Amino acid sequence: MGKFVLLALVLLVTSACKAPEESHSKAIIGAVLIDGSGGPPLTNSMVVTAGDRIRGAGPASTIPIPAQADKINGGGRVLIPALVTVASNIQGRDEAAFVKAREAGTPAIGRIATLADAEWMLDHGATAFVGMIRDTETLNPDFLAKLRDLRITFAPGLTLADIGREIATKNTLRLFQVGVPIALAGDGADPLREAEQLVAAGIPPLDVIVAATRNGAAALHDQDAGTIQPGKRANLLLLSANPGEDIRNLSRVAMRIVNGEIVQ
């Protein structure tokens with residue numbers, strides 16, 4: 001009798017541990033997957049979530065559907081990570097703030113508009129910038145190489161650049177072309193309009209999606225966001241049209257999933 005009681009308790013505890021994830025498991029079936037990593041879109045995909053995490057993502061033929069999962073028809077739709085925007089946390093040439101961020105191991109994101117500010121902040125430990133150099137198009141190749149090699153992210157904020165927007169737009173494309181990561185600016189900027197401005201600057205839509213997802217998360221040192229991969233937070237957008245073809249389709253949200261739960 002004692003063995004049967006012990007077995008029953010084990011089964012009860014096991015089922016209690018699994019129930020929350022199983023009850024919140026979802027399978028998004030058949031969508032075109034743009035996972036934020038920069039690879040080509042994947043047709044007929046499968047993305048499975050459990051609780052607030054992604055448990056599987058890939059071709060529908062390779063990802064099993066949990067028995068208790070809620071099935072979501074993604075046919076004719078496009079699945080991307082939730083957008084991630086970047087805001088500055090250091091204003092001006094505040095040396096103490098850069099030291100504090102460096103010692104704490106946190107992002108040091110400065111707001112810039114000039115080359116001199118960008119050079120000074122980079123020398124003092126900036127890890128990312130909101131804004132774009134808009135006082136000159138003369139950018140030293142060594143400076144650009146340093147930005148690229150250190151993976152210093154720029155969120156250009158082109159919609160906010162009333163003065164020097166033409167120069168800022170040209171510099172945005174040049175930084176992108178040499179491999180400097182580009183992201184979407186926060187700080188009051190409209191992310192959808194920012195995405196349109198990046199495309200207008202000459203950045204391909206699929207790369208703008210990377211800017212709006214993976215690169216933004218990297219700039220914030222958020223390892224749980226930005227791509228659709230196992231272990232990441234299940235923050236997803238299911239779109240009714242493909243933003244890789246027209247970036248304005250980012251606004252065509254058919255379903256929003258936040259921490260594994262449907263909110264729209």
# chains A, B, ... in the order shown; residues from 1 in each chain; ligands from 1

$ closest_atom_pairs --of "stretch 72-115 of chain A" --to "stretch 162-177 of chain A" --cutoff "12 Å" --atoms "only C-alpha atoms" --output "Markdown table"
| residue | atom | partner | partner_atom | distance |
| --- | --- | --- | --- | --- |
| A:Ile112 | CA | A:Ala168 | CA | 11.1 |
| A:Ala113 | CA | A:Ala168 | CA | 8.6 |
| A:Thr114 | CA | A:Ala168 | CA | 9.8 |
| A:Leu115 | CA | A:Asn171 | CA | 10.8 |

$ write_last_selection --atoms "N, CA and C atoms" --output "compact mmCIF listing (two decimals), in the first residue's frame"
# COMPACT_ATOMS: atom_id res chain seq x y z
N ILE A 112 23.34 61.53 -29.21
CA ILE A 112 24.31 62.31 -29.98
C ILE A 112 23.63 63.03 -31.14
N ALA A 113 24.33 64.04 -31.66
CA ALA A 113 23.95 64.70 -32.90
C ALA A 113 25.18 65.10 -33.70
N THR A 114 26.36 65.08 -33.06
CA THR A 114 27.58 65.52 -33.73
C THR A 114 28.65 64.44 -33.67
N LEU A 115 29.60 64.57 -34.59
CA LEU A 115 30.73 63.64 -34.61
C LEU A 115 31.56 63.77 -33.35

$ select_by_dssp --residues "stretch 26-253 of chain A" --states "strand (DSSP E)" --output "ChimeraX atom specification"
/A:26-29,32-33,45-50,53-59,70-73,78-81,85-86,109-111,128-130,153-155,184-185,236-239,253

$ atom_distance --atom1 "atom CA of A:Leu144" --atom2 "atom CA of A:Arg93"
20.5 Å

$ closest_atom_pairs --of "stretch 133-227 of chain A" --to "stretch 49-61 of chain A" --cutoff "12 Å" --atoms "only C-alpha atoms" --output "CSV"
residue,atom,partner,partner_atom,distance
A:Asp224,CA,A:Arg53,CA,9.1
A:Ala225,CA,A:Arg53,CA,10.3
A:Thr227,CA,A:Ile54,CA,10.0

$ atom_distance --atom1 "atom CA of A:Ala218" --atom2 "atom CA of A:Thr85"
10.7 Å
